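See below for target_26.json, which holds JSON, C-alpha atoms.
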[["chain", "number", "residue", "atom", "x", "y", "z"],
["U", 1139, "GLN", "CA", -147.97, -35.61, 20.58],
["U", 1140, "THR", "CA", -145.59, -32.78, 21.34],
["U", 1141, "GLN", "CA", -145.04, -32.33, 25.07],
["U", 1142, "LEU", "CA", -142.77, -30.62, 27.56],
["U", 1143, "VAL", "CA", -143.26, -31.84, 31.12],
["U", 1144, "GLU", "CA", -141.43, -30.21, 34.01],
["U", 1145, "SER", "CA", -140.70, -31.95, 37.29],
["U", 1146, "GLY", "CA", -138.46, -31.63, 40.31],
["U", 1147, "GLY", "CA", -139.96, -28.63, 42.01],
["U", 1148, "GLY", "CA", -140.67, -28.54, 45.72],
["U", 1149, "LEU", "CA", -140.01, -26.81, 49.01],
["U", 1150, "VAL", "CA", -136.43, -26.20, 50.08],
["U", 1151, "GLN", "CA", -134.71, -24.03, 52.67],
["U", 1152, "PRO", "CA", -132.51, -21.10, 51.68],
["U", 1153, "GLY", "CA", -129.11, -22.39, 50.64],
["U", 1154, "GLY", "CA", -130.55, -25.68, 49.48],
["U", 1155, "SER", "CA", -130.74, -27.23, 46.04],
["U", 1156, "LEU", "CA", -133.30, -28.47, 43.57],
["U", 1157, "ARG", "CA", -132.90, -30.14, 40.21],
["U", 1158, "LEU", "CA", -135.60, -29.42, 37.67],
["U", 1159, "SER", "CA", -136.15, -31.64, 34.66],
["U", 1160, "CYS", "CA", -137.95, -31.00, 31.41],
["U", 1161, "ALA", "CA", -138.98, -34.16, 29.60],
["U", 1162, "ALA", "CA", -139.59, -33.68, 25.91],
["U", 1163, "SER", "CA", -141.58, -35.93, 23.61],
["U", 1164, "GLY", "CA", -143.05, -35.88, 20.14],
["U", 1165, "PHE", "CA", -140.16, -34.09, 18.43],
["U", 1166, "ARG", "CA", -136.41, -34.26, 17.89],
["U", 1167, "LEU", "CA", -135.03, -32.42, 20.90],
["U", 1168, "GLU", "CA", -131.62, -31.77, 19.32],
["U", 1169, "GLU", "CA", -133.24, -29.54, 16.70],
["U", 1170, "TYR", "CA", -134.40, -27.00, 19.26],
["U", 1171, "ALA", "CA", -132.99, -24.54, 21.74],
["U", 1172, "ILE", "CA", -134.63, -24.91, 25.14],
["U", 1173, "ALA", "CA", -134.97, -22.30, 27.84],
["U", 1174, "TRP", "CA", -136.12, -22.09, 31.42],
["U", 1175, "PHE", "CA", -138.27, -19.19, 32.50],
["U", 1176, "ARG", "CA", -139.81, -18.43, 35.86],
["U", 1177, "GLN", "CA", -142.67, -16.35, 37.17],
["U", 1178, "ALA", "CA", -143.28, -15.33, 40.75],
["U", 1179, "PRO", "CA", -146.65, -14.03, 41.99],
["U", 1180, "GLY", "CA", -147.11, -10.40, 41.03],
["U", 1181, "ARG", "CA", -143.98, -10.35, 38.92],
["U", 1182, "GLU", "CA", -143.29, -10.57, 35.23],
["U", 1183, "ARG", "CA", -141.99, -13.73, 33.63],
["U", 1184, "GLU", "CA", -138.21, -13.84, 33.74],
["U", 1185, "ALA", "CA", -135.76, -15.75, 31.58],
["U", 1186, "VAL", "CA", -133.49, -17.91, 33.73],
["U", 1187, "SER", "CA", -131.32, -19.85, 31.31],
["U", 1188, "CYS", "CA", -131.20, -21.25, 27.80],
["U", 1189, "ILE", "CA", -129.21, -23.88, 25.97],
["U", 1190, "SER", "CA", -128.64, -24.44, 22.28],
["U", 1191, "GLY", "CA", -129.81, -27.56, 20.48],
["U", 1192, "ASP", "CA", -126.42, -29.23, 20.58],
["U", 1193, "GLY", "CA", -125.74, -28.11, 24.14],
["U", 1194, "SER", "CA", -122.65, -26.11, 23.24],
["U", 1195, "ILE", "CA", -123.98, -22.64, 23.98],
["U", 1196, "PHE", "CA", -125.84, -21.49, 27.05],
["U", 1197, "HIS", "CA", -126.81, -18.33, 28.81],
["U", 1198, "TYR", "CA", -127.78, -17.41, 32.36],
["U", 1199, "ALA", "CA", -129.59, -14.47, 33.85],
["U", 1200, "ASP", "CA", -127.33, -12.41, 36.10],
["U", 1201, "SER", "CA", -129.53, -13.25, 39.06],
["U", 1202, "VAL", "CA", -128.72, -16.98, 38.83],
["U", 1203, "LYS", "CA", -125.23, -16.95, 37.34],
["U", 1204, "GLY", "CA", -122.84, -19.11, 39.35],
["U", 1205, "ARG", "CA", -125.70, -20.86, 41.15],
["U", 1206, "PHE", "CA", -127.72, -22.52, 38.38],
["U", 1207, "THR", "CA", -126.49, -24.93, 35.73],
["U", 1208, "ILE", "CA", -128.42, -25.90, 32.62],
["U", 1209, "SER", "CA", -127.71, -29.12, 30.77],
["U", 1210, "ARG", "CA", -129.32, -31.40, 28.25],
["U", 1211, "ASP", "CA", -129.19, -35.05, 27.24],
["U", 1212, "ASN", "CA", -130.68, -35.31, 23.79],
["U", 1213, "SER", "CA", -130.44, -39.10, 23.88],
["U", 1214, "LYS", "CA", -132.78, -39.08, 26.89],
["U", 1215, "ASN", "CA", -134.93, -36.20, 25.62],
["U", 1216, "THR", "CA", -134.30, -34.24, 28.78],
["U", 1217, "VAL", "CA", -133.16, -30.76, 29.71],
["U", 1218, "SER", "CA", -132.23, -30.12, 33.34],
["U", 1219, "LEU", "CA", -131.70, -27.11, 35.56],
["U", 1220, "GLN", "CA", -129.56, -27.66, 38.64],
["U", 1221, "MET", "CA", -130.30, -24.94, 41.15],
["U", 1222, "ASN", "CA", -127.88, -24.51, 44.05],
["U", 1223, "SER", "CA", -127.55, -21.94, 46.83],
["U", 1224, "LEU", "CA", -131.21, -21.15, 46.48],
["U", 1225, "LYS", "CA", -132.59, -17.88, 47.76],
["U", 1226, "VAL", "CA", -136.06, -16.86, 48.83],
["U", 1227, "GLU", "CA", -136.27, -14.71, 45.71],
["U", 1228, "ASP", "CA", -135.87, -17.82, 43.54],
["U", 1229, "THR", "CA", -139.37, -18.86, 44.55],
["U", 1230, "ALA", "CA", -141.47, -19.10, 41.39],
["U", 1231, "VAL", "CA", -143.16, -21.40, 38.93],
["U", 1232, "TYR", "CA", -140.48, -22.61, 36.54],
["U", 1233, "TYR", "CA", -141.33, -23.34, 32.92],
["U", 1234, "CYS", "CA", -139.32, -24.94, 30.16],
["U", 1235, "ALA", "CA", -139.95, -23.73, 26.66],
["U", 1236, "ARG", "CA", -139.01, -24.74, 23.12],
["U", 1237, "ARG", "CA", -137.74, -22.19, 20.66],
["U", 1238, "ARG", "CA", -139.22, -21.88, 17.20],
["U", 1239, "PHE", "CA", -138.06, -24.45, 14.67],
["U", 1240, "GLY", "CA", -135.02, -23.58, 12.60],
["U", 1241, "LYS", "CA", -133.35, -21.52, 15.33],
["U", 1242, "PRO", "CA", -131.46, -23.99, 17.52],
["U", 1243, "TRP", "CA", -129.26, -21.34, 19.10],
["U", 1244, "CYS", "CA", -129.78, -19.80, 22.50],
["U", 1245, "THR", "CA", -131.82, -16.67, 23.22],
["U", 1246, "ILE", "CA", -133.59, -15.35, 26.28],
["U", 1247, "SER", "CA", -136.29, -13.54, 24.37],
["U", 1248, "ALA", "CA", -139.59, -15.12, 25.41],
["U", 1249, "SER", "CA", -141.24, -14.20, 22.12],
["U", 1250, "GLU", "CA", -138.93, -16.65, 20.37],
["U", 1251, "TYR", "CA", -140.41, -19.59, 22.27],
["U", 1252, "ASN", "CA", -143.68, -20.96, 21.00],
["U", 1253, "PHE", "CA", -144.18, -24.13, 23.01],
["U", 1254, "TRP", "CA", -144.29, -24.24, 26.79],
["U", 1255, "GLY", "CA", -144.64, -26.77, 29.55],
["U", 1256, "GLN", "CA", -147.14, -26.50, 32.38],
["U", 1257, "GLY", "CA", -144.56, -25.47, 34.96],
["U", 1258, "THR", "CA", -143.30, -26.74, 38.29],
["U", 1259, "GLN", "CA", -143.38, -24.81, 41.55],
["U", 1260, "ALA", "CA", -140.14, -24.17, 43.41],
["U", 1261, "THR", "CA", -140.49, -22.62, 46.85],
["U", 1262, "VAL", "CA", -137.54, -21.46, 48.92],
["U", 1263, "SER", "CA", -138.51, -20.75, 52.48],
["U", 1264, "SER", "CA", -137.30, -21.29, 56.00]]
Can you present the structure in this file as structure tokens?
Amino acid sequence: QTQLVESGGGLVQPGGSLRLSCAASGFRLEEYAIAWFRQAPGREREAVSCISGDGSIFHYADSVKGRFTISRDNSKNTVSLQMNSLKVEDTAVYYCARRRFGKPWCTISASEYNFWGQGTQATVSS
């Protein structure tokens, strides 16, 4: 059964850190690009970061560049998002998503992702 399960969300103060994980199962992770998206209440879904299937290429949204780091361990079927220097505006539900098969390179276009996890809530508040 194909699954993406996010974890690691929670409540943190501004300036703090969270590490999100996306556990993949039911498919060969190295064959797929994976991305993180987020959606805050009343706002459109936003691409945060993506990483190619082999982990060699990645992209960050300008809003998180220098603060977030995406990584993957295909041997452990996991993609992670390390979030540092968190801001109140980072509060959102964070989703990991799998790109369509046959395109293992990175893109931030949501329409290219056809399998999504359930999401994990990250709240930044004092």
Can you pull out the residues contacting Gly1147 in chain U? Cut-off 10 Å, using only C-alpha atoms, and skip same-chain residues under 6 positions away; I want them as a PyMOL selection string. chain U and resi 1156-1159+1230-1232+1257-1261
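Across U:Val1202, U:Ala1173, U:Ala1178, U:Leu1224, the tightest approach to Glu1250 in chain U is made by U:Ala1173 when counting only C-alpha atoms.
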Extract, using all atoms listed in the file, all DNA, RNA and protein residues at most 12 Å from Asp1228 in chain U, discarding same-chain residues fewer than 3 positions from it, and format them as a ChimeraX atom specification. /U:1147-1156,1175-1179,1181,1184,1186,1201-1202,1205-1206,1221-1225,1231-1232,1259-1263
Given the selection you just returned, output its residues as a file containing C-alpha atoms, formatted as a PDB file, keeping the file's coordinate frame.
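Result saved to result-v3.pdb:
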ATOM      1  CA  GLY U1147    -139.960 -28.630  42.010  1.00  0.00           C
ATOM      2  CA  GLY U1148    -140.670 -28.540  45.720  1.00  0.00           C
ATOM      3  CA  LEU U1149    -140.010 -26.810  49.010  1.00  0.00           C
ATOM      4  CA  VAL U1150    -136.430 -26.200  50.080  1.00  0.00           C
ATOM      5  CA  GLN U1151    -134.710 -24.030  52.670  1.00  0.00           C
ATOM      6  CA  PRO U1152    -132.510 -21.100  51.680  1.00  0.00           C
ATOM      7  CA  GLY U1153    -129.110 -22.390  50.640  1.00  0.00           C
ATOM      8  CA  GLY U1154    -130.550 -25.680  49.480  1.00  0.00           C
ATOM      9  CA  SER U1155    -130.740 -27.230  46.040  1.00  0.00           C
ATOM     10  CA  LEU U1156    -133.300 -28.470  43.570  1.00  0.00           C
ATOM     11  CA  PHE U1175    -138.270 -19.190  32.500  1.00  0.00           C
ATOM     12  CA  ARG U1176    -139.810 -18.430  35.860  1.00  0.00           C
ATOM     13  CA  GLN U1177    -142.670 -16.350  37.170  1.00  0.00           C
ATOM     14  CA  ALA U1178    -143.280 -15.330  40.750  1.00  0.00           C
ATOM     15  CA  PRO U1179    -146.650 -14.030  41.990  1.00  0.00           C
ATOM     16  CA  ARG U1181    -143.980 -10.350  38.920  1.00  0.00           C
ATOM     17  CA  GLU U1184    -138.210 -13.840  33.740  1.00  0.00           C
ATOM     18  CA  VAL U1186    -133.490 -17.910  33.730  1.00  0.00           C
ATOM     19  CA  SER U1201    -129.530 -13.250  39.060  1.00  0.00           C
ATOM     20  CA  VAL U1202    -128.720 -16.980  38.830  1.00  0.00           C
ATOM     21  CA  ARG U1205    -125.700 -20.860  41.150  1.00  0.00           C
ATOM     22  CA  PHE U1206    -127.720 -22.520  38.380  1.00  0.00           C
ATOM     23  CA  MET U1221    -130.300 -24.940  41.150  1.00  0.00           C
ATOM     24  CA  ASN U1222    -127.880 -24.510  44.050  1.00  0.00           C
ATOM     25  CA  SER U1223    -127.550 -21.940  46.830  1.00  0.00           C
ATOM     26  CA  LEU U1224    -131.210 -21.150  46.480  1.00  0.00           C
ATOM     27  CA  LYS U1225    -132.590 -17.880  47.760  1.00  0.00           C
ATOM     28  CA  VAL U1231    -143.160 -21.400  38.930  1.00  0.00           C
ATOM     29  CA  TYR U1232    -140.480 -22.610  36.540  1.00  0.00           C
ATOM     30  CA  GLN U1259    -143.380 -24.810  41.550  1.00  0.00           C
ATOM     31  CA  ALA U1260    -140.140 -24.170  43.410  1.00  0.00           C
ATOM     32  CA  THR U1261    -140.490 -22.620  46.850  1.00  0.00           C
ATOM     33  CA  VAL U1262    -137.540 -21.460  48.920  1.00  0.00           C
ATOM     34  CA  SER U1263    -138.510 -20.750  52.480  1.00  0.00           C
TER      35      SER U1263
END
Measure the distance from CA of Ser1145 in chain U to CA of Gln1256 in chain U in Å and round it to one decimal. 9.8 Å
Let me make sure I understand: among U:Glu1227, U:Glu1182, U:Asp1200, U:Glu1169, which one has the smallest atom-to-atom distance to Trp1243 in chain U if we use only C-alpha atoms? U:Glu1169
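Each of U:Ser1213, U:Val1143, U:Ile1172, U:Ser1194 was compared to Arg1238 in chain U using all atoms listed in the file, and U:Ile1172 turns out to be the nearest.
Take CA of Trp1174 in chain U and CA of Asp1211 in chain U: the distance between them is 15.3 Å.
Proximity of U:Gly1255, U:Gly1191, U:Gly1180, U:Gly1240 to Ser1163 in chain U, computed with only C-alpha atoms, is greatest for U:Gly1255.
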Using Å and a single decimal, report how far CA of Ala1199 in chain U sits from CA of Asn1215 in chain U. 23.8 Å
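Nearest residue to Ala1235 in chain U, choosing from U:Ser1264, U:Gln1220, U:Asn1252, U:Ser1247 and counting all atoms listed in the file: U:Asn1252.
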Report, as lines of an AutoDock Vina configuration file, the centre and edge lengths in Å (one decimal) of the axis-aligned box enclosing every listed atom of range 1207-1223 of chain U, padded by 6 Å on each side.
center_x = -130.7
center_y = -30.5
center_z = 35.3
size_x = 20.4
size_y = 29.2
size_z = 35.0
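The shell of residues at most 12 Å from Tyr1170 in chain U, with all atoms listed in the file counted and near chain neighbours (fewer than 6 positions) removed, consists of Ala1162, Cys1188, Ile1189, Ser1190, Gly1191, Asp1192, Gly1193, Arg1210, Asn1212, Asn1215, Thr1216, Val1217, Ala1235, Arg1236, Arg1237, Arg1238, Phe1239, Gly1240, Lys1241, Pro1242, Trp1243, Cys1244, Thr1245, Glu1250, Tyr1251, Asn1252 and Phe1253 of chain U.
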Since we have the selection now, will you write its residues out, keeping C-alpha atoms, as a CSV table (one decimal), in the coordinates of the input?
chain,number,residue,atom,x,y,z
U,1162,ALA,CA,-139.6,-33.7,25.9
U,1188,CYS,CA,-131.2,-21.2,27.8
U,1189,ILE,CA,-129.2,-23.9,26.0
U,1190,SER,CA,-128.6,-24.4,22.3
U,1191,GLY,CA,-129.8,-27.6,20.5
U,1192,ASP,CA,-126.4,-29.2,20.6
U,1193,GLY,CA,-125.7,-28.1,24.1
U,1210,ARG,CA,-129.3,-31.4,28.2
U,1212,ASN,CA,-130.7,-35.3,23.8
U,1215,ASN,CA,-134.9,-36.2,25.6
U,1216,THR,CA,-134.3,-34.2,28.8
U,1217,VAL,CA,-133.2,-30.8,29.7
U,1235,ALA,CA,-140.0,-23.7,26.7
U,1236,ARG,CA,-139.0,-24.7,23.1
U,1237,ARG,CA,-137.7,-22.2,20.7
U,1238,ARG,CA,-139.2,-21.9,17.2
U,1239,PHE,CA,-138.1,-24.4,14.7
U,1240,GLY,CA,-135.0,-23.6,12.6
U,1241,LYS,CA,-133.4,-21.5,15.3
U,1242,PRO,CA,-131.5,-24.0,17.5
U,1243,TRP,CA,-129.3,-21.3,19.1
U,1244,CYS,CA,-129.8,-19.8,22.5
U,1245,THR,CA,-131.8,-16.7,23.2
U,1250,GLU,CA,-138.9,-16.6,20.4
U,1251,TYR,CA,-140.4,-19.6,22.3
U,1252,ASN,CA,-143.7,-21.0,21.0
U,1253,PHE,CA,-144.2,-24.1,23.0
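The closest residue to Ser1187 in chain U, picked from U:Gly1164, U:Ile1208, U:Ser1218, U:Gln1141 and counting only C-alpha atoms, is U:Ile1208.
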